[in-house]
Amino acid sequence: MSGPWTVEILARNGEVLHRHRAASLPIRVGRAYDNDFVLDDEYAAAHHAVIEQGPDGGLLMRDLGTRNGLNHGRKRVQQLVLGGDTVVRMGHTSLRVRAADFPVPAELLDRTMHGFEGVGPGVAGVLLTGLVALLVTWLFDAQPFELLNYVLAPAAGIGAALLWSSMWAFVNRLFGRYTRLGRHLFIFGCGMAALSGFQLLAAILAYAWSLESLTRYASHAAVATVAGVIYFHLATIKPPLRRRLRAICAVAAVLASSLVLIVNQQRHGRVADELYMAVLLPPELRASPDATVAEYMADVEAMRKELDAEREAQPAGGGN
């Protein structure tokens, strides 16, 4: 271990807030201006500690008889041998000391999509959210036209986008140094567009070709979309952990879908979201041939037999 030495002040998450280079030992630390490293911490003493060379040639930090002392691993110590990863707290300040020959890891592969940052993606996300809100309002508006509805809908959607994205931006700043509000807005807007687009497309396909499963199990697509949105938020905060984050979000999506199936089964005895397809669109969109009267009556007869069998089995079940 050889000098010069770098004293680093650390945040709670381990992020380096400030670095100071000292050319020689000893290094005096405290609030007073005659120290080699001045602390801006009212819980630190004027002359709090000294960093000097120990008997074995390593670094040794020694308390100078202060009220709050030195703390390492939640224990108060009088003196402590310092390694490059040893974190010491004095007052409300956490710091470590590293020598000039301390090894540093190789640079990380930059997977950050820098083109999706800043004002542009943020504006795009806000516009996407507003357009989706307008589209949904128009599709479900069965009342006479009122301009206020088409003003409040995008305003509410944009407000939700700002609130949601600001929360992720705060977490991003806390754990990833930058806020990246624009990218989080873009992720939210794309997620809402994907969710609304799938629901609309699923409704059209289900009605056109009688694919009832697309609407009966649409909630699982919503769960997958939400899990995807959360994954992209988390991957923006911690890009090196993408593989682990994908696995976590996939497991969370499977658990959420399983919970939906259980709730549906308990509510109406079926795992589907609805008992029948409740989508009504213009007849011109129908692509599958209509069933004949004979086919319809055959289906009714088969349903009647199933109901009669269930009715006959009920007394036997009750007797057991």
# chains A, B, ... in the order shown; residues from 1 in each chain; ligands from 1
>>> select_by_dssp(residues="region 70-125 of chain A", states="strand (DSSP E)", output="ChimeraX atom specification")
/A:70-72,75-77,79-82,88-90,93-99
>>> write_last_selection(atoms="C-alpha atoms", output="mmCIF file, in the first residue's frame")
data_model
loop_
_atom_site.group_PDB
_atom_site.id
_atom_site.type_symbol
_atom_site.label_atom_id
_atom_site.label_comp_id
_atom_site.auth_asym_id
_atom_site.auth_seq_id
_atom_site.Cartn_x
_atom_site.Cartn_y
_atom_site.Cartn_z
ATOM 1 C CA LEU A 70 -15.304 5.921 15.128
ATOM 2 C CA ASN A 71 -17.863 3.316 14.066
ATOM 3 C CA HIS A 72 -17.230 0.273 11.947
ATOM 4 C CA LYS A 75 -19.484 -1.082 16.610
ATOM 5 C CA ARG A 76 -17.539 1.764 18.113
ATOM 6 C CA VAL A 77 -13.767 1.336 17.891
ATOM 7 C CA GLN A 79 -8.641 2.521 16.259
ATOM 8 C CA LEU A 80 -9.012 0.506 13.091
ATOM 9 C CA VAL A 81 -6.733 -0.973 10.422
ATOM 10 C CA LEU A 82 -7.891 0.351 7.058
ATOM 11 C CA VAL A 88 -15.719 4.009 8.753
ATOM 12 C CA ARG A 89 -18.431 6.297 10.066
ATOM 13 C CA MET A 90 -17.604 9.373 12.099
ATOM 14 C CA THR A 93 -20.134 10.849 7.528
ATOM 15 C CA SER A 94 -19.056 7.518 6.051
ATOM 16 C CA LEU A 95 -15.654 7.375 4.390
ATOM 17 C CA ARG A 96 -12.946 5.050 3.200
ATOM 18 C CA VAL A 97 -9.300 5.482 2.220
ATOM 19 C CA ARG A 98 -7.678 3.960 -0.831
ATOM 20 C CA ALA A 99 -4.035 3.964 -1.853
#
>>> residues_around(residues="region 226-240 of chain A", least_positions_apart="4", cutoff="10 Å", atoms="only C-alpha atoms", output="ChimeraX atom specification")
/A:108-113,165,168-169,171-180,183-185,187-192,194-195,220-222,244-254,256
>>> atom_distance(atom1="CA of Gly58 (chain A)", atom2="CA of Trp5 (chain A)")
11.9 Å
>>> residues_around(residues="region 18-22 of chain A", least_positions_apart="6", cutoff="12 Å", atoms="only C-alpha atoms", output="PDB file with N, CA and C atoms, in the first residue's frame")
ATOM      1  N   SER A   2       0.770   2.027  -1.045  1.00  0.00           N
ATOM      2  CA  SER A   2       1.634   3.195  -1.168  1.00  0.00           C
ATOM      3  C   SER A   2       0.804   4.403  -1.554  1.00  0.00           C
ATOM      4  N   GLY A   3       1.341   5.593  -1.174  1.00  0.00           N
ATOM      5  CA  GLY A   3       0.648   6.838  -1.469  1.00  0.00           C
ATOM      6  C   GLY A   3       0.909   7.312  -2.881  1.00  0.00           C
ATOM      7  N   PRO A   4       0.241   8.373  -3.243  1.00  0.00           N
ATOM      8  CA  PRO A   4      -0.700   9.162  -2.420  1.00  0.00           C
ATOM      9  C   PRO A   4      -1.994   8.390  -2.136  1.00  0.00           C
ATOM     10  N   TRP A   5      -2.764   8.929  -1.180  1.00  0.00           N
ATOM     11  CA  TRP A   5      -3.986   8.272  -0.727  1.00  0.00           C
ATOM     12  C   TRP A   5      -5.188   9.138  -1.073  1.00  0.00           C
ATOM     13  N   THR A   6      -6.313   8.465  -1.336  1.00  0.00           N
ATOM     14  CA  THR A   6      -7.553   9.150  -1.671  1.00  0.00           C
ATOM     15  C   THR A   6      -8.591   8.858  -0.599  1.00  0.00           C
ATOM     16  N   VAL A   7      -9.097   9.922   0.020  1.00  0.00           N
ATOM     17  CA  VAL A   7     -10.159   9.789   1.017  1.00  0.00           C
ATOM     18  C   VAL A   7     -11.492  10.025   0.307  1.00  0.00           C
ATOM     19  N   GLU A   8     -12.432   9.079   0.443  1.00  0.00           N
ATOM     20  CA  GLU A   8     -13.719   9.155  -0.258  1.00  0.00           C
ATOM     21  C   GLU A   8     -14.867   9.213   0.748  1.00  0.00           C
ATOM     22  N   ILE A   9     -15.736  10.167   0.575  1.00  0.00           N
ATOM     23  CA  ILE A   9     -16.973  10.237   1.357  1.00  0.00           C
ATOM     24  C   ILE A   9     -18.052   9.494   0.584  1.00  0.00           C
ATOM     25  N   LEU A  10     -18.768   8.615   1.279  1.00  0.00           N
ATOM     26  CA  LEU A  10     -19.732   7.734   0.636  1.00  0.00           C
ATOM     27  C   LEU A  10     -21.158   8.068   1.052  1.00  0.00           C
ATOM     28  N   ALA A  11     -22.084   7.892   0.115  1.00  0.00           N
ATOM     29  CA  ALA A  11     -23.509   7.982   0.427  1.00  0.00           C
ATOM     30  C   ALA A  11     -23.962   6.650   1.022  1.00  0.00           C
ATOM     31  N   ARG A  28      -5.005  14.225   8.861  1.00  0.00           N
ATOM     32  CA  ARG A  28      -5.870  14.624   9.982  1.00  0.00           C
ATOM     33  C   ARG A  28      -7.263  14.940   9.451  1.00  0.00           C
ATOM     34  N   VAL A  29      -8.280  14.409  10.136  1.00  0.00           N
ATOM     35  CA  VAL A  29      -9.668  14.524   9.673  1.00  0.00           C
ATOM     36  C   VAL A  29     -10.494  15.173  10.774  1.00  0.00           C
ATOM     37  N   ASN A  35      -7.285  20.914   9.430  1.00  0.00           N
ATOM     38  CA  ASN A  35      -7.158  19.491   9.104  1.00  0.00           C
ATOM     39  C   ASN A  35      -6.757  19.313   7.645  1.00  0.00           C
ATOM     40  N   ASP A  36      -6.228  18.136   7.349  1.00  0.00           N
ATOM     41  CA  ASP A  36      -5.914  17.807   5.957  1.00  0.00           C
ATOM     42  C   ASP A  36      -7.180  17.479   5.167  1.00  0.00           C
ATOM     43  N   PHE A  37      -8.173  16.928   5.843  1.00  0.00           N
ATOM     44  CA  PHE A  37      -9.457  16.620   5.218  1.00  0.00           C
ATOM     45  C   PHE A  37     -10.556  17.191   6.108  1.00  0.00           C
ATOM     46  N   VAL A  38     -11.233  18.229   5.626  1.00  0.00           N
ATOM     47  CA  VAL A  38     -12.216  18.952   6.436  1.00  0.00           C
ATOM     48  C   VAL A  38     -13.599  18.354   6.200  1.00  0.00           C
ATOM     49  N   LEU A  39     -14.275  18.011   7.297  1.00  0.00           N
ATOM     50  CA  LEU A  39     -15.614  17.433   7.234  1.00  0.00           C
ATOM     51  C   LEU A  39     -16.664  18.521   7.454  1.00  0.00           C
ATOM     52  N   ASP A  40     -17.706  18.495   6.656  1.00  0.00           N
ATOM     53  CA  ASP A  40     -18.853  19.380   6.850  1.00  0.00           C
ATOM     54  C   ASP A  40     -19.937  18.570   7.557  1.00  0.00           C
ATOM     55  N   ILE A  51      -5.252   9.535  10.339  1.00  0.00           N
ATOM     56  CA  ILE A  51      -4.906   8.345   9.556  1.00  0.00           C
ATOM     57  C   ILE A  51      -3.397   8.350   9.409  1.00  0.00           C
ATOM     58  N   GLU A  52      -2.774   7.279   9.888  1.00  0.00           N
ATOM     59  CA  GLU A  52      -1.316   7.216   9.908  1.00  0.00           C
ATOM     60  C   GLU A  52      -0.867   5.814   9.538  1.00  0.00           C
ATOM     61  N   THR A  93     -20.928  10.955   8.748  1.00  0.00           N
ATOM     62  CA  THR A  93     -20.134  10.849   7.528  1.00  0.00           C
ATOM     63  C   THR A  93     -19.485   9.477   7.444  1.00  0.00           C
ATOM     64  N   SER A  94     -19.705   8.803   6.308  1.00  0.00           N
ATOM     65  CA  SER A  94     -19.056   7.518   6.051  1.00  0.00           C
ATOM     66  C   SER A  94     -17.946   7.742   5.035  1.00  0.00           C
ATOM     67  N   LEU A  95     -16.781   7.188   5.309  1.00  0.00           N
ATOM     68  CA  LEU A  95     -15.654   7.375   4.390  1.00  0.00           C
ATOM     69  C   LEU A  95     -14.778   6.135   4.355  1.00  0.00           C
ATOM     70  N   ARG A  96     -13.959   6.094   3.341  1.00  0.00           N
ATOM     71  CA  ARG A  96     -12.946   5.050   3.200  1.00  0.00           C
ATOM     72  C   ARG A  96     -11.701   5.687   2.602  1.00  0.00           C
ATOM     73  N   VAL A  97     -10.577   4.977   2.710  1.00  0.00           N
ATOM     74  CA  VAL A  97      -9.300   5.482   2.220  1.00  0.00           C
ATOM     75  C   VAL A  97      -8.693   4.431   1.301  1.00  0.00           C
ATOM     76  N   ARG A  98      -8.283   4.876   0.128  1.00  0.00           N
ATOM     77  CA  ARG A  98      -7.678   3.960  -0.831  1.00  0.00           C
ATOM     78  C   ARG A  98      -6.336   4.507  -1.290  1.00  0.00           C
ATOM     79  N   ALA A  99      -5.373   3.584  -1.406  1.00  0.00           N
ATOM     80  CA  ALA A  99      -4.035   3.964  -1.853  1.00  0.00           C
ATOM     81  C   ALA A  99      -4.007   4.074  -3.369  1.00  0.00           C
ATOM     82  N   ALA A 100      -2.939   4.633  -3.889  1.00  0.00           N
ATOM     83  CA  ALA A 100      -2.828   4.846  -5.332  1.00  0.00           C
ATOM     84  C   ALA A 100      -2.772   3.531  -6.101  1.00  0.00           C
TER      85      ALA A 100
END
>>> residues_around(residues="Leu127 (chain A)", least_positions_apart="5", cutoff="9 Å", atoms="only C-alpha atoms", output="MDAnalysis selection string")
chainID A and resid 122 132 158 189
>>> select_by_dssp(residues="region 29-174 of chain A", states="alpha helix (DSSP H)", output="short mmCIF file (atom, residue, chain, number, x, y, z; two decimals) with C-alpha atoms, in the first residue's frame")
data_model
loop_
_atom_site.label_atom_id
_atom_site.label_comp_id
_atom_site.auth_asym_id
_atom_site.auth_seq_id
_atom_site.Cartn_x
_atom_site.Cartn_y
_atom_site.Cartn_z
CA VAL A 119 -36.46 16.06 -23.60
CA GLY A 120 -37.29 14.25 -26.85
CA PRO A 121 -38.24 10.85 -25.40
CA GLY A 122 -40.02 12.56 -22.51
CA VAL A 123 -42.20 14.60 -24.86
CA ALA A 124 -42.85 11.49 -26.96
CA GLY A 125 -43.95 9.59 -23.85
CA VAL A 126 -46.28 12.39 -22.78
CA LEU A 127 -47.80 12.60 -26.28
CA LEU A 128 -48.28 8.83 -26.44
CA THR A 129 -50.03 8.87 -23.08
CA GLY A 130 -52.31 11.72 -24.11
CA LEU A 131 -53.20 10.08 -27.45
CA VAL A 132 -53.96 6.75 -25.77
CA ALA A 133 -56.22 8.51 -23.26
CA LEU A 134 -58.05 10.28 -26.12
CA LEU A 135 -58.45 7.03 -28.05
CA VAL A 136 -59.83 5.13 -25.06
CA THR A 137 -62.23 7.99 -24.27
CA TRP A 138 -63.46 8.05 -27.88
CA LEU A 139 -63.96 4.28 -28.04
CA PHE A 140 -65.98 4.09 -24.84
CA LEU A 147 -65.39 18.67 -25.13
CA LEU A 148 -64.62 18.59 -21.41
CA ASN A 149 -64.35 14.79 -21.45
CA TYR A 150 -61.71 14.97 -24.19
CA VAL A 151 -59.75 17.54 -22.19
CA LEU A 152 -59.89 15.81 -18.81
CA ALA A 153 -58.96 12.37 -20.18
CA PRO A 154 -55.52 13.30 -21.59
CA ALA A 155 -54.88 15.61 -18.65
CA ALA A 156 -55.50 12.75 -16.22
CA GLY A 157 -53.36 10.39 -18.31
CA ILE A 158 -50.47 12.85 -18.51
CA GLY A 159 -50.74 13.53 -14.78
CA ALA A 160 -50.55 9.80 -14.05
CA ALA A 161 -47.55 9.51 -16.39
CA LEU A 162 -45.71 12.35 -14.63
CA LEU A 163 -46.45 10.93 -11.18
CA TRP A 164 -45.41 7.39 -12.12
CA SER A 165 -42.29 8.47 -14.01
CA SER A 166 -41.23 10.93 -11.31
CA MET A 167 -41.29 8.12 -8.77
CA TRP A 168 -39.00 6.02 -10.96
CA ALA A 169 -36.79 9.04 -11.67
CA PHE A 170 -36.37 9.56 -7.92
CA VAL A 171 -35.38 5.91 -7.48
CA ASN A 172 -33.06 6.27 -10.48
CA ARG A 173 -31.33 9.23 -8.85
CA LEU A 174 -31.11 7.39 -5.55
#
>>> atom_distance(atom1="CA of Glu295 (chain A)", atom2="CA of Ala208 (chain A)")
18.9 Å
>>> closest_residue(among="A:Leu181, A:Val50, A:Leu255, A:Leu261", to="Tyr217 (chain A)", atoms="only C-alpha atoms")
A:Leu261
>>> atom_distance(atom1="CA of Arg74 (chain A)", atom2="CA of Leu59 (chain A)")
20.5 Å
>>> closest_residue(among="A:Leu307, A:Met277, A:Ile27, A:Ala44", to="Leu211 (chain A)", atoms="only C-alpha atoms")
A:Met277
>>> decode(residues="region 252-309 of chain A", atoms="C-alpha atoms", output="CSV table (one decimal), in the first residue's frame")
chain,number,residue,atom,x,y,z
A,252,ALA,CA,-43.6,-11.9,-10.7
A,253,ALA,CA,-45.7,-12.0,-13.9
A,254,VAL,CA,-46.3,-15.7,-13.5
A,255,LEU,CA,-47.3,-15.3,-9.9
A,256,ALA,CA,-49.7,-12.4,-10.7
A,257,SER,CA,-51.3,-14.4,-13.6
A,258,SER,CA,-51.7,-17.4,-11.2
A,259,LEU,CA,-53.4,-15.1,-8.7
A,260,VAL,CA,-55.8,-13.8,-11.4
A,261,LEU,CA,-56.7,-17.4,-12.3
A,262,ILE,CA,-57.4,-18.3,-8.6
A,263,VAL,CA,-59.5,-15.2,-8.1
A,264,ASN,CA,-61.5,-15.9,-11.2
A,265,GLN,CA,-62.1,-19.4,-10.1
A,266,GLN,CA,-63.3,-18.3,-6.7
A,267,ARG,CA,-65.6,-15.5,-8.1
A,268,HIS,CA,-67.5,-17.4,-10.8
A,269,GLY,CA,-66.2,-20.9,-11.0
A,270,ARG,CA,-64.1,-20.4,-14.1
A,271,VAL,CA,-60.5,-19.4,-14.7
A,272,ALA,CA,-61.5,-17.0,-17.5
A,273,ASP,CA,-62.0,-13.3,-17.0
A,274,GLU,CA,-65.5,-13.3,-18.4
A,275,LEU,CA,-68.2,-16.0,-18.9
A,276,TYR,CA,-68.8,-14.9,-22.5
A,277,MET,CA,-67.2,-12.6,-25.0
A,278,ALA,CA,-68.8,-9.2,-24.4
A,279,VAL,CA,-67.3,-7.5,-27.5
A,280,LEU,CA,-69.9,-6.0,-29.9
A,281,LEU,CA,-68.5,-4.5,-33.1
A,282,PRO,CA,-70.0,-3.7,-36.6
A,283,PRO,CA,-71.1,-6.9,-38.3
A,284,GLU,CA,-68.9,-6.0,-41.3
A,285,LEU,CA,-65.9,-7.0,-39.2
A,286,ARG,CA,-67.1,-10.6,-38.9
A,287,ALA,CA,-64.8,-12.9,-40.9
A,288,SER,CA,-65.8,-16.4,-39.6
A,289,PRO,CA,-69.0,-17.9,-41.1
A,290,ASP,CA,-72.1,-17.7,-39.0
A,291,ALA,CA,-73.4,-20.9,-37.4
A,292,THR,CA,-76.6,-22.4,-38.9
A,293,VAL,CA,-79.7,-22.9,-36.8
A,294,ALA,CA,-79.1,-26.7,-36.8
A,295,GLU,CA,-75.6,-26.2,-35.4
A,296,TYR,CA,-76.9,-23.7,-32.8
A,297,MET,CA,-79.6,-26.2,-31.7
A,298,ALA,CA,-77.0,-29.0,-31.5
A,299,ASP,CA,-74.9,-26.9,-29.2
A,300,VAL,CA,-77.9,-26.1,-27.0
A,301,GLU,CA,-78.8,-29.8,-26.8
A,302,ALA,CA,-75.3,-30.7,-25.7
A,303,MET,CA,-75.3,-27.9,-23.1
A,304,ARG,CA,-78.7,-29.2,-21.8
A,305,LYS,CA,-77.4,-32.7,-21.4
A,306,GLU,CA,-74.4,-31.3,-19.4
A,307,LEU,CA,-76.7,-29.3,-17.2
A,308,ASP,CA,-79.0,-32.3,-16.6
A,309,ALA,CA,-76.0,-34.4,-15.7
